[in-house]
>>> print(open('model.tsv').read())   # TSV, C-alpha atoms
chain	number	residue	atom	x	y	z
A	1	MET	CA	0.00	0.00	0.00
A	2	TRP	CA	2.81	2.45	0.79
A	3	LEU	CA	3.97	2.29	-2.83
A	4	ASP	CA	0.68	3.98	-3.77
A	5	MET	CA	1.21	6.85	-1.30
A	6	LEU	CA	2.71	10.22	-2.12
A	7	SER	CA	4.52	12.38	0.41
A	8	VAL	CA	4.06	16.12	-0.15
A	9	PRO	CA	6.42	18.54	1.62
A	10	THR	CA	4.91	21.41	3.57
A	11	ASP	CA	5.87	24.94	2.54
A	12	ASP	CA	4.65	28.47	3.30
A	13	GLU	CA	2.18	28.47	0.40
A	14	LEU	CA	0.60	25.21	1.54
A	15	LEU	CA	0.32	26.50	5.12
A	16	ALA	CA	-1.31	29.73	3.91
A	17	THR	CA	-3.84	27.69	1.94
A	18	ALA	CA	-4.44	25.52	5.01
A	19	ALA	CA	-5.13	28.63	7.11
A	20	GLU	CA	-7.70	29.82	4.56
A	21	LEU	CA	-9.35	26.39	4.41
A	22	ALA	CA	-9.42	26.13	8.21
A	23	ASP	CA	-11.32	29.41	8.35
A	24	GLU	CA	-13.59	28.60	5.39
A	25	HIS	CA	-14.57	25.11	6.60
A	26	SER	CA	-14.08	25.50	10.40
A	27	LEU	CA	-11.33	22.85	10.38
A	28	ARG	CA	-8.68	22.00	12.96
A	29	GLY	CA	-5.09	22.80	11.96
A	30	TYR	CA	-3.87	19.37	10.89
A	31	ASP	CA	-7.16	18.65	9.12
A	32	ALA	CA	-6.74	21.87	7.16
A	33	ILE	CA	-3.19	20.86	6.20
A	34	GLN	CA	-4.46	17.48	4.98
A	35	LEU	CA	-7.15	19.19	2.88
A	36	ALA	CA	-4.73	21.82	1.54
A	37	THR	CA	-2.29	19.10	0.53
A	38	ALA	CA	-4.98	17.15	-1.31
A	39	ALA	CA	-6.25	20.35	-2.94
A	40	SER	CA	-2.71	21.12	-4.18
A	41	LEU	CA	-2.83	17.80	-6.03
A	42	GLN	CA	-6.36	18.29	-7.33
A	43	GLY	CA	-6.56	17.24	-10.95
A	44	ALA	CA	-3.93	14.55	-10.49
A	45	ARG	CA	-4.95	11.29	-12.06
A	46	ASP	CA	-6.88	8.97	-9.75
A	47	LEU	CA	-6.60	11.28	-6.73
A	48	ARG	CA	-9.03	10.31	-4.00
A	49	PHE	CA	-9.32	11.88	-0.59
A	50	SER	CA	-9.47	9.48	2.35
A	51	CYS	CA	-9.93	9.98	6.09
A	52	TRP	CA	-12.14	8.81	8.96
A	53	ASP	CA	-13.31	12.30	9.96
A	54	ILE	CA	-16.85	13.07	8.75
A	55	GLU	CA	-16.41	16.87	8.87
A	56	LEU	CA	-13.12	16.73	6.97
A	57	ASN	CA	-14.66	14.47	4.33
A	58	ALA	CA	-17.55	16.93	3.96
A	59	ALA	CA	-15.11	19.83	3.55
A	60	ALA	CA	-13.15	17.84	0.95
A	61	ARG	CA	-16.35	17.10	-0.94
A	62	ARG	CA	-17.36	20.80	-0.85
A	63	HIS	CA	-13.90	21.64	-2.15
A	64	GLY	CA	-14.48	19.36	-5.15
A	65	LEU	CA	-12.34	16.40	-4.17
A	66	ARG	CA	-13.43	12.82	-4.84
A	67	LEU	CA	-13.66	10.68	-1.73
A	68	SER	CA	-12.32	7.15	-1.55
A	69	ALA	CA	-15.56	5.89	-0.01
A	70	PRO	CA	-18.96	7.47	0.58
A	71	ASN	CA	-19.27	9.13	3.96
>>> encode(input="model.tsv", output="structure tokens")
Amino acid sequence: MWLDMLSVPTDDELLATAAELADEHSLRGYDAIQLATAASLQGARDLRFSCWDIELNAAARRHGLRLSAPN
């Protein structure tokens, strides 16, 4: 499974996006970073957002990301 994972480094631009998303979607800090990271890859082939948090999944869906499983 780890061969299918992609590690994305955090930079100032990603953190600024995360701050905006945290405010827009009322997310906790690390959840906003996870969403900002996925959003930075939006449009990548076969990208699917996956987490156990219902609120974060809802924010990802509102942001236009495909979820790995319905939630």
>>> residues_around(input="model.tsv", residues="region 38-54 of chain A", least_positions_apart="4", cutoff="7 Å", atoms="only C-alpha atoms", output="list in words")
Gln34, Ala58, Leu65, Arg66, Leu67, Ser68 and Asn71 of chain A
>>> write_last_selection(input="model.tsv", atoms="C-alpha atoms", output="tab-separated table (two decimals), keeping the file's coordinate frame")
chain	number	residue	atom	x	y	z
A	34	GLN	CA	-4.46	17.48	4.98
A	58	ALA	CA	-17.55	16.93	3.96
A	65	LEU	CA	-12.34	16.40	-4.17
A	66	ARG	CA	-13.43	12.82	-4.84
A	67	LEU	CA	-13.66	10.68	-1.73
A	68	SER	CA	-12.32	7.15	-1.55
A	71	ASN	CA	-19.27	9.13	3.96
>>> atom_distance(input="model.tsv", atom1="CA of Thr37 (chain A)", atom2="CA of Val8 (chain A)")
7.0 Å
>>> atom_distance(input="model.tsv", atom1="CA of Asp31 (chain A)", atom2="CA of Leu14 (chain A)")
12.7 Å
>>> residues_around(input="model.tsv", residues="Glu13 (chain A)", least_positions_apart="5", cutoff="12 Å", atoms="only C-alpha atoms", output="MDAnalysis selection string")
chainID A and resid 18:20 33 36:37 40
>>> atom_distance(input="model.tsv", atom1="CA of Asp11 (chain A)", atom2="CA of Arg62 (chain A)")
23.8 Å
>>> axis_aligned_box(input="model.tsv", around="region 45-50 of chain A", padding_each_side="5 Å", output="AutoDock Vina command-line options")
--center_x -7.2 --center_y 10.4 --center_z -4.9 --size_x 14.5 --size_y 12.9 --size_z 24.4
>>> residues_around(input="model.tsv", residues="Ala22 (chain A)", least_positions_apart="6", cutoff="10 Å", atoms="all atoms listed in the file", output="list in words")
Ala16, Arg28, Gly29, Tyr30, Asp31, Ala32, Ile33, Leu35, Ala36 and Ala59 of chain A
>>> write_last_selection(input="model.tsv", atoms="C-alpha atoms", output="compact mmCIF listing (two decimals), keeping the file's coordinate frame")
# COMPACT_ATOMS: atom_id res chain seq x y z
CA ALA A 16 -1.31 29.73 3.91
CA ARG A 28 -8.68 22.00 12.96
CA GLY A 29 -5.09 22.80 11.96
CA TYR A 30 -3.87 19.37 10.89
CA ASP A 31 -7.16 18.65 9.12
CA ALA A 32 -6.74 21.87 7.16
CA ILE A 33 -3.19 20.86 6.20
CA LEU A 35 -7.15 19.19 2.88
CA ALA A 36 -4.73 21.82 1.54
CA ALA A 59 -15.11 19.83 3.55
>>> decode(input="model.tsv", residues="region 15-41 of chain A", atoms="N, CA and C atoms", output="PDB file, in the first residue's frame")
ATOM      1  N   LEU A  15       0.820  26.099   3.805  1.00  0.00           N
ATOM      2  CA  LEU A  15       0.319  26.500   5.119  1.00  0.00           C
ATOM      3  C   LEU A  15      -0.641  27.678   5.025  1.00  0.00           C
ATOM      4  N   ALA A  16      -0.389  28.604   4.113  1.00  0.00           N
ATOM      5  CA  ALA A  16      -1.311  29.728   3.911  1.00  0.00           C
ATOM      6  C   ALA A  16      -2.654  29.229   3.382  1.00  0.00           C
ATOM      7  N   THR A  17      -2.607  28.295   2.457  1.00  0.00           N
ATOM      8  CA  THR A  17      -3.836  27.695   1.939  1.00  0.00           C
ATOM      9  C   THR A  17      -4.574  26.968   3.055  1.00  0.00           C
ATOM     10  N   ALA A  18      -3.833  26.246   3.888  1.00  0.00           N
ATOM     11  CA  ALA A  18      -4.439  25.524   5.008  1.00  0.00           C
ATOM     12  C   ALA A  18      -5.130  26.490   5.964  1.00  0.00           C
ATOM     13  N   ALA A  19      -4.514  27.627   6.218  1.00  0.00           N
ATOM     14  CA  ALA A  19      -5.132  28.628   7.107  1.00  0.00           C
ATOM     15  C   ALA A  19      -6.447  29.131   6.516  1.00  0.00           C
ATOM     16  N   GLU A  20      -6.466  29.375   5.216  1.00  0.00           N
ATOM     17  CA  GLU A  20      -7.700  29.824   4.557  1.00  0.00           C
ATOM     18  C   GLU A  20      -8.778  28.741   4.622  1.00  0.00           C
ATOM     19  N   LEU A  21      -8.388  27.497   4.377  1.00  0.00           N
ATOM     20  CA  LEU A  21      -9.350  26.394   4.407  1.00  0.00           C
ATOM     21  C   LEU A  21      -9.864  26.138   5.825  1.00  0.00           C
ATOM     22  N   ALA A  22      -9.004  26.304   6.817  1.00  0.00           N
ATOM     23  CA  ALA A  22      -9.423  26.131   8.212  1.00  0.00           C
ATOM     24  C   ALA A  22     -10.520  27.136   8.545  1.00  0.00           C
ATOM     25  N   ASP A  23     -10.333  28.361   8.103  1.00  0.00           N
ATOM     26  CA  ASP A  23     -11.325  29.409   8.350  1.00  0.00           C
ATOM     27  C   ASP A  23     -12.603  29.144   7.548  1.00  0.00           C
ATOM     28  N   GLU A  24     -12.441  28.814   6.283  1.00  0.00           N
ATOM     29  CA  GLU A  24     -13.589  28.598   5.392  1.00  0.00           C
ATOM     30  C   GLU A  24     -14.459  27.421   5.819  1.00  0.00           C
ATOM     31  N   HIS A  25     -13.833  26.340   6.288  1.00  0.00           N
ATOM     32  CA  HIS A  25     -14.567  25.113   6.602  1.00  0.00           C
ATOM     33  C   HIS A  25     -14.612  24.792   8.097  1.00  0.00           C
ATOM     34  N   SER A  26     -14.127  25.718   8.938  1.00  0.00           N
ATOM     35  CA  SER A  26     -14.076  25.498  10.398  1.00  0.00           C
ATOM     36  C   SER A  26     -13.337  24.206  10.744  1.00  0.00           C
ATOM     37  N   LEU A  27     -12.135  24.055  10.178  1.00  0.00           N
ATOM     38  CA  LEU A  27     -11.333  22.848  10.384  1.00  0.00           C
ATOM     39  C   LEU A  27     -10.260  23.067  11.439  1.00  0.00           C
ATOM     40  N   ARG A  28      -9.841  21.970  12.074  1.00  0.00           N
ATOM     41  CA  ARG A  28      -8.678  21.996  12.958  1.00  0.00           C
ATOM     42  C   ARG A  28      -7.426  22.120  12.085  1.00  0.00           C
ATOM     43  N   GLY A  29      -6.324  22.524  12.695  1.00  0.00           N
ATOM     44  CA  GLY A  29      -5.089  22.799  11.962  1.00  0.00           C
ATOM     45  C   GLY A  29      -4.594  21.666  11.089  1.00  0.00           C
ATOM     46  N   TYR A  30      -4.405  20.491  11.684  1.00  0.00           N
ATOM     47  CA  TYR A  30      -3.874  19.366  10.895  1.00  0.00           C
ATOM     48  C   TYR A  30      -4.859  18.893   9.838  1.00  0.00           C
ATOM     49  N   ASP A  31      -6.165  19.003  10.131  1.00  0.00           N
ATOM     50  CA  ASP A  31      -7.163  18.646   9.116  1.00  0.00           C
ATOM     51  C   ASP A  31      -7.072  19.608   7.930  1.00  0.00           C
ATOM     52  N   ALA A  32      -6.872  20.878   8.220  1.00  0.00           N
ATOM     53  CA  ALA A  32      -6.743  21.871   7.155  1.00  0.00           C
ATOM     54  C   ALA A  32      -5.494  21.618   6.313  1.00  0.00           C
ATOM     55  N   ILE A  33      -4.415  21.185   6.947  1.00  0.00           N
ATOM     56  CA  ILE A  33      -3.191  20.858   6.200  1.00  0.00           C
ATOM     57  C   ILE A  33      -3.436  19.651   5.300  1.00  0.00           C
ATOM     58  N   GLN A  34      -4.147  18.656   5.804  1.00  0.00           N
ATOM     59  CA  GLN A  34      -4.455  17.483   4.981  1.00  0.00           C
ATOM     60  C   GLN A  34      -5.294  17.888   3.775  1.00  0.00           C
ATOM     61  N   LEU A  35      -6.299  18.736   3.990  1.00  0.00           N
ATOM     62  CA  LEU A  35      -7.149  19.185   2.880  1.00  0.00           C
ATOM     63  C   LEU A  35      -6.362  20.054   1.904  1.00  0.00           C
ATOM     64  N   ALA A  36      -5.540  20.955   2.414  1.00  0.00           N
ATOM     65  CA  ALA A  36      -4.735  21.818   1.536  1.00  0.00           C
ATOM     66  C   ALA A  36      -3.774  20.997   0.687  1.00  0.00           C
ATOM     67  N   THR A  37      -3.202  19.971   1.272  1.00  0.00           N
ATOM     68  CA  THR A  37      -2.290  19.099   0.527  1.00  0.00           C
ATOM     69  C   THR A  37      -3.031  18.391  -0.594  1.00  0.00           C
ATOM     70  N   ALA A  38      -4.188  17.833  -0.274  1.00  0.00           N
ATOM     71  CA  ALA A  38      -4.978  17.153  -1.311  1.00  0.00           C
ATOM     72  C   ALA A  38      -5.409  18.140  -2.383  1.00  0.00           C
ATOM     73  N   ALA A  39      -5.814  19.337  -1.973  1.00  0.00           N
ATOM     74  CA  ALA A  39      -6.247  20.350  -2.940  1.00  0.00           C
ATOM     75  C   ALA A  39      -5.101  20.756  -3.863  1.00  0.00           C
ATOM     76  N   SER A  40      -3.865  20.752  -3.337  1.00  0.00           N
ATOM     77  CA  SER A  40      -2.711  21.120  -4.181  1.00  0.00           C
ATOM     78  C   SER A  40      -2.459  20.085  -5.265  1.00  0.00           C
ATOM     79  N   LEU A  41      -2.986  18.886  -5.053  1.00  0.00           N
ATOM     80  CA  LEU A  41      -2.826  17.805  -6.033  1.00  0.00           C
ATOM     81  C   LEU A  41      -4.084  17.606  -6.865  1.00  0.00           C
TER      82      LEU A  41
END
